[in-house]
$ cat protein26.txt   # compact mmCIF, C-alpha atoms and all ligand atoms
# COMPACT_ATOMS: atom_id res chain seq x y z
CA MET Y 1 33.91 44.15 83.00
CA ALA Y 2 36.91 44.64 85.22
CA ASP Y 3 36.48 46.92 88.21
CA LYS Y 4 37.83 50.40 87.86
CA ASN Y 5 39.82 52.45 90.32
CA ILE Y 6 38.56 56.02 90.37
CA MET Y 7 40.04 58.74 92.54
CA HIS Y 8 38.06 61.84 93.47
CA ILE Y 9 40.17 64.81 94.57
CA ASP Y 10 38.79 67.92 96.21
CA LEU Y 11 40.64 70.93 97.61
CA ASP Y 12 39.34 71.74 101.10
CA THR Y 13 37.54 75.10 101.48
CA PHE Y 14 39.51 76.18 98.43
CA TYR Y 15 39.12 79.99 98.53
CA VAL Y 16 39.73 80.02 102.29
CA SER Y 17 42.87 77.89 101.90
CA VAL Y 18 44.28 80.15 99.19
CA GLU Y 19 43.68 83.22 101.36
CA ARG Y 20 45.43 81.52 104.29
CA LYS Y 21 48.33 80.53 102.10
CA MET Y 22 48.81 84.18 101.14
CA ASP Y 23 48.37 85.45 104.70
CA ALA Y 24 49.35 82.98 107.43
CA ARG Y 25 47.75 85.19 110.09
CA LEU Y 26 44.37 83.94 108.88
CA LYS Y 27 45.12 80.36 109.94
CA ASN Y 28 42.74 78.82 112.50
CA LYS Y 29 40.62 81.98 112.50
CA PRO Y 30 36.98 82.05 111.40
CA LEU Y 31 37.03 83.33 107.81
CA LEU Y 32 34.37 84.34 105.29
CA VAL Y 33 35.23 84.88 101.62
CA GLY Y 34 32.81 86.60 99.28
CA GLY Y 35 31.23 89.98 98.67
CA THR Y 36 32.31 92.21 101.53
CA SER Y 37 29.37 94.59 101.60
CA ASP Y 38 26.38 93.83 103.80
CA ARG Y 39 24.51 92.78 100.68
CA GLY Y 40 27.32 90.49 99.51
CA VAL Y 41 27.13 86.71 99.45
CA VAL Y 42 29.36 84.13 101.19
CA ALA Y 43 31.29 82.22 98.51
CA ALA Y 44 33.32 80.15 100.99
CA CYS Y 45 33.63 79.86 104.75
CA SER Y 46 36.22 78.22 106.98
CA TYR Y 47 35.43 75.22 109.18
CA GLU Y 48 35.64 77.50 112.24
CA THR Y 49 32.46 79.28 111.13
CA ARG Y 50 30.39 76.17 110.45
CA GLY Y 51 29.44 75.64 114.08
CA TYR Y 52 27.67 79.01 113.97
CA GLY Y 53 25.39 77.82 111.19
CA VAL Y 54 27.23 79.70 108.45
CA HIS Y 55 27.30 78.17 104.97
CA SER Y 56 28.25 79.26 101.47
CA GLY Y 57 25.53 80.97 99.44
CA MET Y 58 24.23 82.73 102.55
CA SER Y 59 24.05 86.54 102.65
CA MET Y 60 27.17 88.11 104.14
CA LYS Y 61 25.02 90.15 106.48
CA LEU Y 62 23.46 87.10 108.07
CA ALA Y 63 26.82 85.28 108.23
CA ARG Y 64 28.32 88.24 110.10
CA GLN Y 65 25.44 88.26 112.54
CA LEU Y 66 25.82 84.53 113.19
CA CYS Y 67 29.59 84.72 113.54
CA PRO Y 68 30.55 88.30 114.48
CA GLU Y 69 34.22 87.46 115.10
CA ALA Y 70 34.71 86.17 111.54
CA ILE Y 71 37.23 87.94 109.32
CA VAL Y 72 35.63 88.88 106.00
CA ILE Y 73 37.72 88.86 102.82
CA ARG Y 74 36.75 89.86 99.31
CA GLY Y 75 37.48 86.98 96.93
CA ASN Y 76 39.67 87.22 93.84
CA ALA Y 77 38.83 85.02 90.83
CA GLY Y 78 42.26 85.59 89.25
CA THR Y 79 44.18 84.31 92.28
CA TYR Y 80 41.98 81.24 92.65
CA SER Y 81 42.26 80.44 88.94
CA LYS Y 82 46.05 80.58 89.16
CA HIS Y 83 46.14 78.17 92.11
CA SER Y 84 43.63 75.89 90.39
CA ASP Y 85 45.96 75.75 87.36
CA GLU Y 86 48.93 74.77 89.56
CA VAL Y 87 47.00 71.86 91.06
CA THR Y 88 45.78 70.83 87.60
CA GLU Y 89 49.37 70.68 86.33
CA ILE Y 90 50.41 68.31 89.13
CA ILE Y 91 47.44 66.00 88.54
CA LYS Y 92 48.12 66.06 84.81
CA GLU Y 93 51.74 64.98 85.39
CA GLN Y 94 50.94 62.28 87.92
CA THR Y 95 47.84 60.48 86.62
CA PRO Y 96 47.14 58.66 83.34
CA LEU Y 97 43.64 60.10 82.81
CA PHE Y 98 41.93 62.91 84.67
CA GLU Y 99 38.83 65.07 84.51
CA LYS Y 100 38.69 68.58 85.93
CA SER Y 101 35.11 68.79 87.13
CA SER Y 102 35.34 72.21 88.76
CA ILE Y 103 37.86 74.82 89.86
CA ASP Y 104 38.77 72.73 92.93
CA GLU Y 105 37.62 69.22 92.08
CA PHE Y 106 39.00 66.41 89.92
CA TYR Y 107 38.51 62.76 89.06
CA ALA Y 108 41.37 60.50 87.99
CA ASP Y 109 41.03 57.02 86.50
CA LEU Y 110 43.85 54.95 87.96
CA THR Y 111 42.61 51.64 86.50
CA GLY Y 112 45.50 49.55 85.32
CA ILE Y 113 48.02 51.00 87.78
CA ASP Y 114 49.26 47.82 89.42
CA LYS Y 115 46.71 46.40 91.84
CA PHE Y 116 44.30 48.34 94.04
CA HIS Y 117 46.86 49.05 96.72
CA GLY Y 118 49.23 50.35 94.09
CA CYS Y 119 46.49 52.80 93.23
CA TYR Y 120 46.14 53.86 96.84
CA LYS Y 121 49.88 54.48 96.99
CA LEU Y 122 49.79 56.59 93.83
CA ALA Y 123 46.73 58.51 95.03
CA SER Y 124 48.48 59.23 98.34
CA GLU Y 125 51.57 60.43 96.50
CA VAL Y 126 49.52 62.76 94.30
CA ARG Y 127 47.89 64.24 97.39
CA SER Y 128 51.23 64.70 99.21
CA LYS Y 129 52.77 66.35 96.17
CA ILE Y 130 49.90 68.83 95.88
CA ILE Y 131 50.12 69.69 99.58
CA LYS Y 132 53.92 70.04 99.39
CA GLU Y 133 54.08 72.08 96.19
CA THR Y 134 51.03 74.30 96.56
CA GLY Y 135 50.60 74.44 100.33
CA LEU Y 136 46.87 73.79 99.92
CA PRO Y 137 44.99 71.17 101.97
CA ILE Y 138 43.31 68.55 99.81
CA SER Y 139 41.32 65.35 100.36
CA PHE Y 140 40.66 62.32 98.22
CA GLY Y 141 38.40 59.30 98.05
CA LEU Y 142 39.33 56.13 96.13
CA SER Y 143 36.90 53.41 95.06
CA ILE Y 144 35.48 51.61 92.04
CA ASN Y 145 33.48 54.58 90.74
CA LYS Y 146 32.85 58.30 90.77
CA VAL Y 147 29.93 58.53 93.19
CA VAL Y 148 31.42 56.31 95.90
CA SER Y 149 34.75 58.14 95.65
CA LYS Y 150 33.09 61.56 95.84
CA ILE Y 151 31.16 60.54 98.94
CA ALA Y 152 34.35 59.05 100.40
CA THR Y 153 36.16 62.36 99.89
CA GLY Y 154 33.35 64.10 101.78
CA GLU Y 155 33.76 61.65 104.66
CA ALA Y 156 37.56 62.03 104.62
CA LYS Y 157 37.51 65.84 104.92
CA PRO Y 158 39.13 67.96 106.19
CA ASN Y 159 42.60 67.30 104.77
CA ASN Y 160 42.52 63.53 104.71
CA GLN Y 161 42.01 60.50 102.48
CA LEU Y 162 39.79 57.43 102.39
CA MET Y 163 39.84 54.24 100.36
CA ILE Y 164 36.75 52.06 100.00
CA GLU Y 165 37.76 48.45 99.31
CA HIS Y 166 36.12 46.74 96.35
CA GLY Y 167 32.84 45.14 97.41
CA HIS Y 168 32.40 47.35 100.47
CA GLU Y 169 30.60 50.21 98.70
CA LYS Y 170 27.07 49.47 100.00
CA GLN Y 171 28.30 48.87 103.51
CA PHE Y 172 30.26 52.15 103.49
CA MET Y 173 27.26 54.15 102.31
CA ALA Y 174 24.54 52.48 104.40
CA PRO Y 175 24.83 54.57 107.61
CA LEU Y 176 25.25 57.91 105.81
CA SER Y 177 22.53 60.53 105.37
CA ILE Y 178 20.70 60.48 102.02
CA LYS Y 179 21.94 64.08 101.65
CA LYS Y 180 25.40 62.66 100.92
CA ILE Y 181 24.24 61.32 97.55
CA PRO Y 182 25.24 64.14 95.15
CA GLN Y 183 22.05 63.75 93.08
CA VAL Y 184 19.81 64.32 96.12
CA GLY Y 185 18.96 68.03 96.05
CA ASP Y 186 16.92 70.00 98.58
CA LYS Y 187 13.57 69.05 97.07
CA THR Y 188 14.32 65.34 96.78
CA TYR Y 189 15.72 65.40 100.32
CA GLN Y 190 12.51 66.91 101.69
CA THR Y 191 10.34 64.40 99.78
CA LEU Y 192 12.33 61.47 101.15
CA ARG Y 193 12.43 62.90 104.69
CA HIS Y 194 8.63 63.23 104.67
CA LEU Y 195 8.52 59.52 103.94
CA GLY Y 196 10.76 58.90 106.93
CA VAL Y 197 13.84 58.08 104.82
CA ARG Y 198 16.96 59.42 106.49
CA ARG Y 199 19.82 57.01 105.85
CA ILE Y 200 21.09 55.58 102.56
CA HIS Y 201 20.53 52.16 104.14
CA THR Y 202 16.74 52.63 103.85
CA ILE Y 203 16.99 53.32 100.10
CA GLN Y 204 19.20 50.27 99.70
CA GLU Y 205 16.39 48.15 101.21
CA MET Y 206 13.68 49.67 99.00
CA SER Y 207 12.86 48.38 95.52
CA GLU Y 208 13.85 50.48 92.54
CA GLU Y 209 10.16 50.65 91.46
CA MET Y 210 9.16 52.10 94.81
CA LEU Y 211 11.68 54.92 94.50
CA ILE Y 212 10.61 55.60 90.90
CA ASN Y 213 7.00 55.86 92.13
CA VAL Y 214 8.03 58.49 94.66
CA LEU Y 215 10.63 60.47 92.71
CA GLY Y 216 9.82 59.84 89.05
CA LYS Y 217 12.64 58.86 86.71
CA ASN Y 218 15.23 60.49 88.97
CA GLY Y 219 14.28 57.76 91.46
CA SER Y 220 16.01 55.14 89.36
CA LEU Y 221 19.27 57.10 89.29
CA ILE Y 222 19.20 57.78 93.03
CA TRP Y 223 18.38 54.14 93.76
CA ARG Y 224 21.41 53.00 91.74
CA ARG Y 225 23.68 55.57 93.38
CA ALA Y 226 22.50 54.38 96.81
CA GLN Y 227 23.57 50.86 95.85
CA GLY Y 228 27.01 52.29 95.02
CA VAL Y 229 26.47 51.84 91.27
CA ASP Y 230 27.82 54.46 88.86
CA ASN Y 231 29.07 53.69 85.35
CA ARG Y 232 30.04 57.22 84.34
CA PRO Y 233 33.53 57.29 82.87
CA VAL Y 234 36.22 59.80 83.72
CA ILE Y 235 36.17 62.21 80.78
CA ALA Y 236 39.65 63.40 79.86
CA PHE Y 237 40.13 67.09 80.62
CA ASN Y 238 40.76 68.78 77.34
CA GLU Y 239 41.58 72.44 77.26
CA ARG Y 240 40.29 72.52 73.71
CA GLN Y 241 36.79 71.57 74.82
CA SER Y 242 34.86 74.65 73.89
CA ILE Y 243 31.67 76.37 72.92
CA SER Y 244 31.58 78.83 70.10
CA THR Y 245 29.47 80.72 67.67
CA GLU Y 246 30.12 82.50 64.40
CA ARG Y 247 28.38 84.60 61.80
CA THR Y 248 28.99 84.73 58.08
CA PHE Y 249 27.69 87.88 56.40
CA ASP Y 250 25.59 87.81 53.26
CA ASN Y 251 27.43 90.95 52.22
CA ASP Y 252 30.96 91.44 53.53
CA THR Y 253 31.07 94.40 55.88
CA ILE Y 254 33.44 97.00 57.24
CA ASP Y 255 30.92 98.47 59.70
CA VAL Y 256 32.86 98.21 62.99
CA LYS Y 257 29.89 99.31 65.08
CA LYS Y 258 27.81 96.50 63.64
CA LEU Y 259 30.63 93.98 64.12
CA LYS Y 260 31.02 94.95 67.77
CA SER Y 261 27.30 94.83 68.32
CA ILE Y 262 27.25 91.27 67.00
CA LEU Y 263 30.22 90.29 69.17
CA ILE Y 264 28.38 91.59 72.24
CA ALA Y 265 25.27 89.60 71.38
CA MET Y 266 27.39 86.50 70.74
CA THR Y 267 29.20 86.90 74.06
CA GLU Y 268 25.93 87.30 75.94
CA ASN Y 269 24.54 84.21 74.32
CA LEU Y 270 27.60 82.04 74.95
CA ALA Y 271 27.93 83.33 78.53
CA TYR Y 272 24.32 82.38 79.10
CA GLN Y 273 25.04 78.90 77.70
CA LEU Y 274 27.92 78.64 80.17
CA ARG Y 275 25.75 79.65 83.12
CA ARG Y 276 22.97 77.35 82.04
CA GLY Y 277 25.42 74.46 82.05
CA ASP Y 278 27.05 75.68 85.29
CA LYS Y 279 30.32 76.14 83.43
CA LEU Y 280 33.12 78.67 83.49
CA THR Y 281 35.64 79.50 80.76
CA ALA Y 282 39.30 80.35 81.27
CA CYS Y 283 40.23 81.14 77.66
CA ILE Y 284 38.47 83.33 75.10
CA ASN Y 285 39.08 83.56 71.36
CA VAL Y 286 37.93 85.93 68.60
CA LYS Y 287 38.13 84.96 64.93
CA ILE Y 288 37.84 87.13 61.82
CA LYS Y 289 37.71 85.93 58.23
CA TYR Y 290 38.32 88.72 55.72
CA SER Y 291 36.79 88.96 52.26
CA ASP Y 292 40.02 87.53 50.80
CA PHE Y 293 39.32 84.41 52.89
CA ASN Y 294 42.35 84.88 55.11
CA THR Y 295 41.40 83.98 58.68
CA TYR Y 296 42.98 85.38 61.84
CA SER Y 297 42.25 84.64 65.46
CA LYS Y 298 43.50 85.85 68.79
CA GLN Y 299 43.02 84.30 72.20
CA MET Y 300 43.59 85.22 75.81
CA ARG Y 301 43.70 83.32 79.11
CA ILE Y 302 41.39 84.84 81.72
CA PRO Y 303 40.35 84.02 85.30
CA PHE Y 304 37.46 81.51 85.36
CA CYS Y 305 34.39 83.40 84.30
CA SER Y 306 30.82 83.25 82.97
CA ALA Y 307 29.69 86.84 83.57
CA ASP Y 308 28.82 89.04 80.58
CA HIS Y 309 30.00 92.25 82.18
CA ILE Y 310 33.53 90.84 82.47
CA LEU Y 311 33.63 88.90 79.19
CA ILE Y 312 32.27 91.60 76.86
CA PRO Y 313 35.07 94.20 77.37
CA LYS Y 314 37.68 91.45 76.99
CA ILE Y 315 36.13 90.18 73.74
CA LEU Y 316 35.93 93.72 72.34
CA ASP Y 317 39.52 94.30 73.36
CA LEU Y 318 40.62 91.15 71.50
CA PHE Y 319 38.66 92.30 68.46
CA ASP Y 320 40.35 95.73 68.53
CA LYS Y 321 43.77 94.06 68.60
CA LEU Y 322 42.82 91.62 65.86
CA TYR Y 323 40.94 93.85 63.43
CA ASN Y 324 43.78 95.76 61.82
CA ARG Y 325 43.52 95.14 58.11
CA ARG Y 326 40.66 97.55 57.58
CA ILE Y 327 39.26 95.47 54.76
CA LEU Y 328 35.86 93.84 54.37
CA VAL Y 329 34.97 91.18 56.88
CA ARG Y 330 33.25 88.01 55.75
CA LEU Y 331 32.85 86.22 59.09
CA ILE Y 332 33.34 86.79 62.80
CA GLY Y 333 33.23 84.25 65.59
CA ILE Y 334 34.03 83.78 69.25
CA ARG Y 335 34.99 80.72 71.22
CA PHE Y 336 35.25 79.95 74.93
CA SER Y 337 37.53 77.07 75.95
CA HIS Y 338 39.24 75.59 79.06
CA LEU Y 339 35.75 74.91 80.36
CA VAL Y 340 35.15 73.64 83.89
CA SER Y 341 32.07 73.35 86.05
CA GLY Y 342 31.43 76.26 88.33
CA HIS Y 343 29.06 78.98 89.34
CA TYR Y 344 29.14 82.57 88.05
CA GLN Y 345 29.25 83.72 91.65
CA ILE Y 346 33.05 83.53 91.32
CA ASN Y 347 32.91 86.70 89.22
CA LEU Y 348 30.76 88.65 91.60
CA PHE Y 349 32.86 88.97 94.74
CA GLU Y 350 32.89 92.72 94.34
CA ASP Y 351 29.18 92.93 93.70
CA ASP Y 352 26.22 92.54 95.95
CA GLU Y 353 23.30 90.17 96.06
CA SER Y 354 21.34 92.32 93.61
CA ALA Y 355 23.91 91.64 90.86
CA LEU Y 356 23.61 87.91 91.52
CA ASN Y 357 19.84 88.19 91.49
CA LEU Y 358 19.95 90.18 88.26
CA TYR Y 359 21.88 87.41 86.46
CA SER Y 360 19.55 84.81 87.83
CA ALA Y 361 16.44 86.84 86.82
CA LEU Y 362 17.73 87.50 83.29
CA ASP Y 363 18.62 83.85 82.82
CA LYS Y 364 15.15 82.81 83.97
CA ILE Y 365 13.59 85.02 81.30
CA ARG Y 366 15.92 83.54 78.70
CA GLU Y 367 15.01 80.05 79.88
CA LYS Y 368 11.31 80.80 79.53
CA TYR Y 369 11.12 82.92 76.39
CA GLY Y 370 14.24 81.97 74.46
CA ASP Y 371 17.77 83.22 74.67
CA ARG Y 372 17.28 86.27 72.44
CA MET Y 373 14.62 87.83 74.66
CA VAL Y 374 17.14 89.64 76.79
CA VAL Y 375 20.00 91.44 75.12
CA LYS Y 376 21.99 94.47 76.09
CA ALA Y 377 21.02 97.59 74.11
CA ALA Y 378 24.45 97.52 72.46
CA GLY Y 379 23.76 94.06 71.07
CA MET Y 380 20.35 94.94 69.65
CA GLU Y 381 21.63 95.34 66.10
CA ALA Y 382 22.47 91.68 65.94
CA LYS Y 383 19.26 90.10 64.75
CA THR Y 384 20.71 86.64 64.55
CA ILE Y 385 23.99 85.57 66.00
CA GLY Y 386 24.56 82.61 63.78
CA ARG Y 387 24.44 78.90 64.30
CA MET Y 388 25.58 77.32 67.55
CA VAL Y 389 28.18 74.96 66.23
CA ASN Y 390 31.87 74.93 66.78
CA PRO Y 391 33.58 76.77 63.93
CA PHE Y 392 36.89 75.18 64.82
CA ASN Y 393 36.07 71.50 64.64
CA GLY Y 394 32.49 71.34 63.41
CA LEU Y 395 31.25 69.61 66.56
CA PRO Y 396 28.21 70.80 68.47
CA PRO Y 397 29.04 72.91 71.52
CA VAL Y 398 30.00 70.93 74.58
CA VAL Y 399 27.89 72.89 77.03
CA LEU Y 400 24.72 72.41 75.03
CA ALA Y 401 25.33 68.71 74.80
CA HIS Y 402 25.89 68.44 78.54
CA ARG Y 403 23.52 70.99 79.92
CA LYS Y 404 21.31 68.36 81.55
CA GLN Y 405 24.15 67.15 83.77
MG MG Y 501 36.42 71.86 97.43

$ encode --input "protein26.txt" --output "structure tokens"
Amino acid sequence: MADKNIMHIDLDTFYVSVERKMDARLKNKPLLVGGTSDRGVVAACSYETRGYGVHSGMSMKLARQLCPEAIVIRGNAGTYSKHSDEVTEIIKEQTPLFEKSSIDEFYADLTGIDKFHGCYKLASEVRSKIIKETGLPISFGLSINKVVSKIATGEAKPNNQLMIEHGHEKQFMAPLSIKKIPQVGDKTYQTLRHLGVRRIHTIQEMSEEMLINVLGKNGSLIWRRAQGVDNRPVIAFNERQSISTERTFDNDTIDVKKLKSILIAMTENLAYQLRRGDKLTACINVKIKYSDFNTYSKQMRIPFCSADHILIPKILDLFDKLYNRRILVRLIGIRFSHLVSGHYQINLFEDDESALNLYSALDKIREKYGDRMVVKAAGMEAKTIGRMVNPFNGLPPVVLAHRKQ
């Protein structure tokens, strides 16, 4: 199989960069973006704060104590979504095949573009164009596969680029910390550190069996990644990728209260599926089929989101605009599309840690007892919310299929 050329692209401290673009006075100053109350959470922090031990996910209170001179800004999901779209458009124009893996991260498959150095030229041009047209700093890594390129991007940062020549993958990774392998989480890191493993080099020298003995089946994956092996393809970003649910009524209904109650339950369920798969949606759709079999649907672009309390009013609003024939309804359905990876924290800038903890607690209950255990009182009337298949193309929902990723 011919070697591939995969580019990994990552916007540097994305939320911080967008804030600085909008207000140049924030440049070179220590900056925290997130919930601004003492109980808020840091969603992003500038490089200037890192030396103080600040990192994203930390409570805003602690971050302020560690770095008292930091400027604190409340994030805005709408603004970041807009800038993410601009970058996406440029990458779409410039590369033959790309995957949007999160709001600020992309992979592009440049295989077939001339020779390797032709790829490096193209990758550099894409980066320059993004910097020029959006004013946002961005880094890339280029190599034969996703994992090596992602690690290369990390080494290139901030605002730089790095190409790993074919055949040099192991050598490039050897001196790096095992923490740089994306599949090594906190727990795996601690396990390996207790065994005295610190550098990727040590894993490269171990046998695959030995790592499987220590880490279980995840050991095999991590061993292969440490060797610079990764066969995952770049999956074309498709705005039509979606999850959806629908409900056909045994008896056609005109009971609006019941219809809304079902929509709420459906939204909660799909939003939970998004969070479980660490996904966000940027487009929502409501569909109604009337008793005469005529079907209507209405959709709306929204800032990247997976939080019920934001999605539910928007879904109900779409329904109100759509449901105007006042005749019996045979089926209702909702669909979330424009899916990317991302954490629901993006929707909680204005809220405090307790809101974040509430989502996480509710999702844990759903995980343990099934996803109908927790429903809002308004959704209680919906006893079943229908099958989890895509009413638009008949395929199973994307997030369910990929939730193990
Ligand atoms: Mg980034």

$ residues_near_ligand --input "protein26.txt" --ligand "ligand MG 501 (chain Y)" --cutoff "9 Å" --atoms "only C-alpha atoms and all ligand atoms" --output "mmCIF file with C-alpha atoms, keeping the file's coordinate frame"
data_model
loop_
_atom_site.group_PDB
_atom_site.id
_atom_site.type_symbol
_atom_site.label_atom_id
_atom_site.label_comp_id
_atom_site.auth_asym_id
_atom_site.auth_seq_id
_atom_site.Cartn_x
_atom_site.Cartn_y
_atom_site.Cartn_z
ATOM 1 C CA ILE Y 9 40.170 64.810 94.570
ATOM 2 C CA ASP Y 10 38.790 67.920 96.210
ATOM 3 C CA LEU Y 11 40.640 70.930 97.610
ATOM 4 C CA ASP Y 12 39.340 71.740 101.100
ATOM 5 C CA THR Y 13 37.540 75.100 101.480
ATOM 6 C CA PHE Y 14 39.510 76.180 98.430
ATOM 7 C CA TYR Y 15 39.120 79.990 98.530
ATOM 8 C CA SER Y 102 35.340 72.210 88.760
ATOM 9 C CA ILE Y 103 37.860 74.820 89.860
ATOM 10 C CA ASP Y 104 38.770 72.730 92.930
ATOM 11 C CA GLU Y 105 37.620 69.220 92.080
ATOM 12 C CA ILE Y 138 43.310 68.550 99.810
ATOM 13 C CA SER Y 139 41.320 65.350 100.360
#

$ closest_residue --input "protein26.txt" --among "Y:Gly228, Y:Pro233, Y:Gly135, Y:Gly75" --to "Met173 (chain Y)" --atoms "only C-alpha atoms"
Y:Gly228

$ closest_residue --input "protein26.txt" --among "Y:Gly141, Y:Gly40, Y:Gly112, Y:Gly196" --to "Ser124 (chain Y)" --atoms "all atoms listed in the file"
Y:Gly141

$ residues_around --input "protein26.txt" --residues "region 285-301 of chain Y" --least-positions-apart "5" --cutoff "9 Å" --atoms "all atoms listed in the file" --output "VMD selection string"
chain Y and resid 244 246 248 252 to 253 263 314 to 316 318 to 319 321 to 323 325 327 to 338

$ atom_distance --input "protein26.txt" --atom1 "CA of Asp363 (chain Y)" --atom2 "CA of Tyr272 (chain Y)"
7.0 Å

$ atom_distance --input "protein26.txt" --atom1 "CA of Met22 (chain Y)" --atom2 "CA of Thr79 (chain Y)"
10.0 Å

$ atom_distance --input "protein26.txt" --atom1 "CA of Ile90 (chain Y)" --atom2 "CA of Ile130 (chain Y)"
6.8 Å

$ residues_around --input "protein26.txt" --residues "Lys179 (chain Y)" --least-positions-apart "2" --cutoff "10 Å" --atoms "all atoms listed in the file" --output "ChimeraX atom specification"
/Y:176-177,181-186,188-190,192,198-200

$ residues_around --input "protein26.txt" --residues "Leu339 (chain Y)" --least-positions-apart "3" --cutoff "12 Å" --atoms "only C-alpha atoms" --output "mmCIF file with C-alpha atoms, in the frame of the given file"
data_model
loop_
_atom_site.group_PDB
_atom_site.id
_atom_site.type_symbol
_atom_site.label_atom_id
_atom_site.label_comp_id
_atom_site.auth_asym_id
_atom_site.auth_seq_id
_atom_site.Cartn_x
_atom_site.Cartn_y
_atom_site.Cartn_z
ATOM 1 C CA GLU Y 99 38.830 65.070 84.510
ATOM 2 C CA LYS Y 100 38.690 68.580 85.930
ATOM 3 C CA SER Y 101 35.110 68.790 87.130
ATOM 4 C CA SER Y 102 35.340 72.210 88.760
ATOM 5 C CA ILE Y 103 37.860 74.820 89.860
ATOM 6 C CA PHE Y 237 40.130 67.090 80.620
ATOM 7 C CA ASN Y 238 40.760 68.780 77.340
ATOM 8 C CA GLU Y 239 41.580 72.440 77.260
ATOM 9 C CA ARG Y 240 40.290 72.520 73.710
ATOM 10 C CA GLN Y 241 36.790 71.570 74.820
ATOM 11 C CA SER Y 242 34.860 74.650 73.890
ATOM 12 C CA ILE Y 243 31.670 76.370 72.920
ATOM 13 C CA SER Y 244 31.580 78.830 70.100
ATOM 14 C CA ALA Y 271 27.930 83.330 78.530
ATOM 15 C CA GLN Y 273 25.040 78.900 77.700
ATOM 16 C CA LEU Y 274 27.920 78.640 80.170
ATOM 17 C CA ARG Y 275 25.750 79.650 83.120
ATOM 18 C CA GLY Y 277 25.420 74.460 82.050
ATOM 19 C CA ASP Y 278 27.050 75.680 85.290
ATOM 20 C CA LYS Y 279 30.320 76.140 83.430
ATOM 21 C CA LEU Y 280 33.120 78.670 83.490
ATOM 22 C CA THR Y 281 35.640 79.500 80.760
ATOM 23 C CA ALA Y 282 39.300 80.350 81.270
ATOM 24 C CA CYS Y 283 40.230 81.140 77.660
ATOM 25 C CA ILE Y 284 38.470 83.330 75.100
ATOM 26 C CA ARG Y 301 43.700 83.320 79.110
ATOM 27 C CA ILE Y 302 41.390 84.840 81.720
ATOM 28 C CA PRO Y 303 40.350 84.020 85.300
ATOM 29 C CA PHE Y 304 37.460 81.510 85.360
ATOM 30 C CA CYS Y 305 34.390 83.400 84.300
ATOM 31 C CA SER Y 306 30.820 83.250 82.970
ATOM 32 C CA ARG Y 335 34.990 80.720 71.220
ATOM 33 C CA PHE Y 336 35.250 79.950 74.930
ATOM 34 C CA GLY Y 342 31.430 76.260 88.330
ATOM 35 C CA HIS Y 343 29.060 78.980 89.340
ATOM 36 C CA PRO Y 397 29.040 72.910 71.520
ATOM 37 C CA VAL Y 398 30.000 70.930 74.580
ATOM 38 C CA VAL Y 399 27.890 72.890 77.030
ATOM 39 C CA HIS Y 402 25.890 68.440 78.540
#

$ closest_residue --input "protein26.txt" --among "Y:Asp109, Y:Asp320, Y:Ala265, Y:Ala174" --to "Asp308 (chain Y)" --atoms "all atoms listed in the file"
Y:Ala265

$ build_atoms --input "protein26.txt" --residues "region 106-116 of chain Y" --atoms "N, CA and C atoms" --output "compact mmCIF listing (two decimals), in the coordinates of the input"
# COMPACT_ATOMS: atom_id res chain seq x y z
N PHE Y 106 38.50 67.22 91.04
CA PHE Y 106 39.00 66.41 89.92
C PHE Y 106 38.63 64.94 90.12
N TYR Y 107 38.56 64.22 89.01
CA TYR Y 107 38.51 62.76 89.06
C TYR Y 107 39.71 62.24 88.28
N ALA Y 108 40.31 61.13 88.76
CA ALA Y 108 41.37 60.50 87.99
C ALA Y 108 41.06 59.01 87.89
N ASP Y 109 41.23 58.47 86.69
CA ASP Y 109 41.03 57.02 86.50
C ASP Y 109 42.39 56.35 86.62
N LEU Y 110 42.57 55.59 87.71
CA LEU Y 110 43.85 54.95 87.96
C LEU Y 110 43.82 53.46 87.60
N THR Y 111 42.75 53.05 86.90
CA THR Y 111 42.61 51.64 86.50
C THR Y 111 43.85 51.21 85.72
N GLY Y 112 44.35 50.05 86.07
CA GLY Y 112 45.50 49.55 85.32
C GLY Y 112 46.83 49.86 86.01
N ILE Y 113 46.80 50.71 87.02
CA ILE Y 113 48.02 51.00 87.78
C ILE Y 113 48.17 49.88 88.80
N ASP Y 114 48.98 48.89 88.47
CA ASP Y 114 49.26 47.82 89.42
C ASP Y 114 47.95 47.26 89.98
N LYS Y 115 47.93 46.87 91.21
CA LYS Y 115 46.71 46.40 91.84
C LYS Y 115 46.10 47.55 92.64
N PHE Y 116 45.02 47.27 93.35
CA PHE Y 116 44.30 48.34 94.04
C PHE Y 116 45.20 49.09 95.02
